[in-house]
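S.K.: File structure-v9.cif follows (mmCIF, C-alpha atoms):
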```cif
data_work
#
loop_
_atom_site.group_PDB
_atom_site.id
_atom_site.type_symbol
_atom_site.label_atom_id
_atom_site.label_comp_id
_atom_site.auth_asym_id
_atom_site.auth_seq_id
_atom_site.Cartn_x
_atom_site.Cartn_y
_atom_site.Cartn_z
ATOM 1 C CA MET A 1 -56.643 132.513 10.740
ATOM 2 C CA THR A 2 -59.392 130.063 11.632
ATOM 3 C CA ARG A 3 -57.840 126.625 12.049
ATOM 4 C CA THR A 4 -59.707 123.461 11.332
ATOM 5 C CA GLY A 5 -59.548 120.404 13.554
ATOM 6 C CA ILE A 6 -60.347 116.755 13.063
ATOM 7 C CA GLU A 7 -63.718 116.901 14.842
ATOM 8 C CA ALA A 8 -65.030 119.695 12.604
ATOM 9 C CA ALA A 9 -63.557 118.143 9.461
ATOM 10 C CA LEU A 10 -64.927 114.639 10.005
ATOM 11 C CA THR A 11 -68.298 115.951 11.178
ATOM 12 C CA ASP A 12 -68.686 117.974 7.983
ATOM 13 C CA LEU A 13 -67.400 115.155 5.755
ATOM 14 C CA LEU A 14 -69.390 112.260 7.201
ATOM 15 C CA PHE A 15 -72.237 113.481 9.370
ATOM 16 C CA ASN A 16 -73.398 116.842 7.945
ATOM 17 C CA ASP A 17 -75.963 116.213 5.195
ATOM 18 C CA GLU A 18 -76.368 119.952 4.651
ATOM 19 C CA LEU A 19 -72.919 120.206 3.022
ATOM 20 C CA THR A 20 -71.936 118.631 -0.256
ATOM 21 C CA LEU A 21 -68.764 116.595 -0.199
ATOM 22 C CA GLN A 22 -66.992 119.332 -2.181
ATOM 23 C CA GLU A 23 -68.132 122.074 0.231
ATOM 24 C CA ALA A 24 -66.951 120.058 3.232
ATOM 25 C CA ALA A 25 -63.625 119.255 1.590
ATOM 26 C CA ASP A 26 -62.961 122.841 0.530
ATOM 27 C CA ARG A 27 -63.723 124.047 4.059
ATOM 28 C CA HIS A 28 -61.156 121.774 5.733
ATOM 29 C CA PHE A 29 -58.643 120.462 3.147
ATOM 30 C CA ALA A 30 -56.227 122.308 0.869
ATOM 31 C CA PRO A 31 -56.183 121.564 -2.886
ATOM 32 C CA GLU A 32 -52.798 119.823 -2.491
ATOM 33 C CA TYR A 33 -54.045 117.662 0.407
ATOM 34 C CA ARG A 34 -52.676 114.152 0.814
ATOM 35 C CA GLN A 35 -53.133 111.551 3.503
ATOM 36 C CA ARG A 36 -51.382 108.420 4.746
ATOM 37 C CA THR A 37 -53.576 106.013 6.715
ATOM 38 C CA ASP A 38 -51.977 102.903 8.170
ATOM 39 C CA GLY A 39 -49.139 103.218 5.657
ATOM 40 C CA GLU A 40 -51.195 103.846 2.488
ATOM 41 C CA TRP A 41 -50.980 107.227 0.734
ATOM 42 C CA ALA A 42 -53.927 108.877 -0.991
ATOM 43 C CA ASP A 43 -54.075 112.197 -2.823
ATOM 44 C CA ARG A 44 -57.041 114.521 -2.413
ATOM 45 C CA GLY A 45 -59.010 112.895 -5.235
ATOM 46 C CA GLU A 46 -58.527 109.389 -3.855
ATOM 47 C CA PHE A 47 -59.396 110.621 -0.373
ATOM 48 C CA LEU A 48 -62.626 112.252 -1.588
ATOM 49 C CA ASP A 49 -63.589 109.154 -3.584
ATOM 50 C CA HIS A 50 -63.242 107.153 -0.369
ATOM 51 C CA ILE A 51 -65.308 109.664 1.626
ATOM 52 C CA ALA A 52 -68.015 109.597 -1.077
ATOM 53 C CA HIS A 53 -68.174 105.812 -0.635
ATOM 54 C CA LEU A 54 -68.347 106.156 3.156
ATOM 55 C CA ARG A 55 -71.235 108.597 2.839
ATOM 56 C CA THR A 56 -73.238 105.765 1.247
ATOM 57 C CA LEU A 57 -72.579 103.525 4.299
ATOM 58 C CA VAL A 58 -72.744 105.933 7.254
ATOM 59 C CA ALA A 59 -76.042 106.880 8.910
ATOM 60 C CA GLY A 60 -74.604 109.022 11.710
ATOM 61 C CA GLY A 61 -72.062 109.339 14.450
ATOM 62 C CA HIS A 62 -69.691 111.676 16.180
ATOM 63 C CA VAL A 63 -66.019 112.294 16.848
ATOM 64 C CA GLU A 64 -64.701 112.340 20.415
ATOM 65 C CA VAL A 65 -61.379 114.196 20.681
ATOM 66 C CA HIS A 66 -59.315 113.008 23.641
ATOM 67 C CA GLU A 67 -56.221 115.133 23.074
ATOM 68 C CA GLU A 68 -55.490 117.888 20.572
ATOM 69 C CA LEU A 69 -52.415 120.027 20.004
ATOM 70 C CA TYR A 70 -51.726 122.972 17.716
ATOM 71 C CA ASP A 71 -48.154 124.244 17.319
ATOM 72 C CA GLY A 72 -47.970 126.829 14.558
ATOM 73 C CA SER A 73 -48.764 124.949 11.350
ATOM 74 C CA ARG A 74 -48.536 121.547 13.030
ATOM 75 C CA TYR A 75 -51.470 119.609 14.432
ATOM 76 C CA ALA A 76 -51.780 116.373 16.402
ATOM 77 C CA ASP A 77 -54.644 114.580 18.055
ATOM 78 C CA ARG A 78 -55.992 111.340 19.427
ATOM 79 C CA HIS A 79 -59.671 110.787 18.793
ATOM 80 C CA THR A 80 -62.335 108.107 18.614
ATOM 81 C CA ALA A 81 -64.764 107.977 15.706
ATOM 82 C CA HIS A 82 -68.161 106.577 16.704
ATOM 83 C CA VAL A 83 -70.060 105.532 13.573
ATOM 84 C CA THR A 84 -73.492 104.027 13.049
ATOM 85 C CA LYS A 85 -73.850 102.441 9.650
ATOM 86 C CA LYS A 86 -77.076 102.374 7.637
ATOM 87 C CA ASP A 87 -77.394 98.640 8.362
ATOM 88 C CA GLY A 88 -77.589 99.483 12.087
ATOM 89 C CA THR A 89 -74.171 98.159 13.071
ATOM 90 C CA THR A 90 -71.732 100.368 14.957
ATOM 91 C CA VAL A 91 -68.029 100.954 14.598
ATOM 92 C CA ARG A 92 -65.581 102.622 16.974
ATOM 93 C CA MET A 93 -62.050 103.466 15.874
ATOM 94 C CA GLU A 94 -59.322 105.194 17.842
ATOM 95 C CA VAL A 95 -57.126 107.324 15.606
ATOM 96 C CA TYR A 96 -53.748 108.984 16.137
ATOM 97 C CA VAL A 97 -53.150 111.962 13.817
ATOM 98 C CA PHE A 98 -50.168 114.117 12.890
ATOM 99 C CA ALA A 99 -50.837 116.850 10.362
ATOM 100 C CA ASP A 100 -49.643 120.031 8.655
ATOM 101 C CA LEU A 101 -51.930 123.029 8.201
ATOM 102 C CA THR A 102 -51.856 125.647 5.460
ATOM 103 C CA ALA A 103 -51.553 129.363 6.221
ATOM 104 C CA ASP A 104 -55.367 129.618 6.024
ATOM 105 C CA GLY A 105 -55.779 126.826 8.594
ATOM 106 C CA ARG A 106 -56.839 123.883 6.398
ATOM 107 C CA PHE A 107 -55.230 120.452 6.409
ATOM 108 C CA ARG A 108 -52.387 120.085 3.884
ATOM 109 C CA ARG A 109 -51.249 116.617 5.008
ATOM 110 C CA ILE A 110 -52.465 114.054 7.516
ATOM 111 C CA GLU A 111 -50.642 110.931 8.605
ATOM 112 C CA GLU A 112 -52.702 108.664 10.830
ATOM 113 C CA THR A 113 -52.807 105.261 12.428
ATOM 114 C CA THR A 114 -56.097 103.599 13.288
ATOM 115 C CA LEU A 115 -57.043 101.064 15.935
ATOM 116 C CA MET A 116 -60.349 99.175 15.610
ATOM 117 C CA LEU A 117 -62.161 99.160 18.964
ATOM 118 C CA GLN A 118 -65.544 97.840 17.802
ATOM 119 C CA GLY A 119 -66.643 96.463 14.460
ATOM 120 C CA SER A 120 -65.843 93.695 12.031
ATOM 121 C CA SER A 121 -62.795 93.233 9.837
ATOM 122 C CA THR A 122 -64.791 94.632 6.894
ATOM 123 C CA ASP A 123 -65.285 97.862 8.856
ATOM 124 C CA ARG A 124 -61.558 98.632 8.602
ATOM 125 C CA ASP A 125 -62.571 100.322 5.347
ATOM 126 C CA LEU A 126 -64.043 103.139 7.450
ATOM 127 C CA GLY A 127 -60.548 104.087 8.625
ATOM 128 C CA SER A 128 -58.696 103.515 5.376
ATOM 129 C CA ALA A 129 -57.902 106.375 3.032
ATOM 130 C CA ARG A 130 -58.740 104.178 0.030
#
```
Just dump the structure as structure tokens.

M.R.:
Amino acid sequence: MTRTGIEAALTDLLFNDELTLQEAADRHFAPEYRQRTDGEWADRGEFLDHIAHLRTLVAGGHVEVHEELYDGSRYADRHTAHVTKKDGTTVRMEVYVFADLTADGRFRRIEETTLMLQGSSTDRDLGSAR
């Protein structure tokens, strides 16, 4: 089993222009995927709609994983997303993730809390699932 991780998933979703959104999603997220970000739930369709919107705003960036833990089908990490938007502004968000993986190593469920380190109040949308 090849397990995904948040760095690979977010890189493919947001920063890899060579993959379509559907290809990136299928690589890292199960069909039944759902996510709770700062208390708001989104199903896979809502999540992908949000990522499609973000792709129109994001010019580049990277994910810096500080801590990462796999325990069977459970996953946890603490990471910082460094994002440069197409308007030239930058955003940094620290994120705490707890997740479940499927047998094939893709994310089934993520629950996360975000902390804005740099950016404006309108940039909170970058961390939201909706």

S.K.: If the PyMOL selection byres ((chain A and resi 45-61) around 10) is run on the structure shown, which residues does it catch, given as a tab-separated table (two decimals) with C-alpha atoms, in the coordinates of the input?

M.R.:
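And here is the file that came out, expr_28.tsv:
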```tsv
chain	number	residue	atom	x	y	z
A	10	LEU	CA	-64.93	114.64	10.01
A	11	THR	CA	-68.30	115.95	11.18
A	13	LEU	CA	-67.40	115.16	5.76
A	14	LEU	CA	-69.39	112.26	7.20
A	15	PHE	CA	-72.24	113.48	9.37
A	16	ASN	CA	-73.40	116.84	7.94
A	17	ASP	CA	-75.96	116.21	5.20
A	20	THR	CA	-71.94	118.63	-0.26
A	21	LEU	CA	-68.76	116.60	-0.20
A	22	GLN	CA	-66.99	119.33	-2.18
A	25	ALA	CA	-63.62	119.26	1.59
A	31	PRO	CA	-56.18	121.56	-2.89
A	32	GLU	CA	-52.80	119.82	-2.49
A	33	TYR	CA	-54.04	117.66	0.41
A	34	ARG	CA	-52.68	114.15	0.81
A	35	GLN	CA	-53.13	111.55	3.50
A	36	ARG	CA	-51.38	108.42	4.75
A	41	TRP	CA	-50.98	107.23	0.73
A	42	ALA	CA	-53.93	108.88	-0.99
A	43	ASP	CA	-54.08	112.20	-2.82
A	44	ARG	CA	-57.04	114.52	-2.41
A	62	HIS	CA	-69.69	111.68	16.18
A	63	VAL	CA	-66.02	112.29	16.85
A	64	GLU	CA	-64.70	112.34	20.42
A	81	ALA	CA	-64.76	107.98	15.71
A	82	HIS	CA	-68.16	106.58	16.70
A	83	VAL	CA	-70.06	105.53	13.57
A	84	THR	CA	-73.49	104.03	13.05
A	85	LYS	CA	-73.85	102.44	9.65
A	86	LYS	CA	-77.08	102.37	7.64
A	87	ASP	CA	-77.39	98.64	8.36
A	88	GLY	CA	-77.59	99.48	12.09
A	89	THR	CA	-74.17	98.16	13.07
A	90	THR	CA	-71.73	100.37	14.96
A	91	VAL	CA	-68.03	100.95	14.60
A	92	ARG	CA	-65.58	102.62	16.97
A	125	ASP	CA	-62.57	100.32	5.35
A	126	LEU	CA	-64.04	103.14	7.45
A	127	GLY	CA	-60.55	104.09	8.62
A	128	SER	CA	-58.70	103.52	5.38
A	129	ALA	CA	-57.90	106.38	3.03
A	130	ARG	CA	-58.74	104.18	0.03
```

S.K.: Expand the PyMOL selection byres ((chain A and resi 104-106) around 9) into the individual residues it matches in the shown file, reporting them as a VMD selection string.

M.R.: chain A and resid 1 to 5 26 to 30 73 100 to 103 107 to 108

S.K.: For the atom pair CA of Met93 (chain A) and CA of His79 (chain A), what is the interatomic distance in Å to one decimal place?

M.R.: 8.2 Å

S.K.: Show me, as lines of an AutoDock Vina configuration file, the centre and edge lengths in Å to one decimal of the axis-aligned box that covers every listed atom of region 104-109 of chain A with 5 Å on each side.

M.R.:
```
center_x = -54.0
center_y = 123.1
center_z = 6.2
size_x = 15.6
size_y = 23.0
size_z = 14.7
```

S.K.: State, in Å with one decimal place, the distance from CA of Thr113 (chain A) to CA of Ile6 (chain A).

M.R.: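 Those two atoms sit 13.8 Å apart.
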
S.K.: Starting from the displayed file, determine the output of the PyMOL selection byres ((chain A and resi 97) around 6) and express the residue list as a compact mmCIF listing (two decimals) with C-alpha atoms, keeping the file's coordinate frame.

M.R.:
```
# COMPACT_ATOMS: atom_id res chain seq x y z
CA ALA A 76 -51.78 116.37 16.40
CA ASP A 77 -54.64 114.58 18.06
CA TYR A 96 -53.75 108.98 16.14
CA PHE A 98 -50.17 114.12 12.89
CA GLU A 111 -50.64 110.93 8.60
CA GLU A 112 -52.70 108.66 10.83
```

S.K.: For Glu68 (chain A), which residue among A:Glu18, A:Glu7, A:Arg109, A:Glu40 is the nearest when counting only C-alpha atoms?

M.R.: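 Nearest to Glu68 (chain A): A:Glu7.
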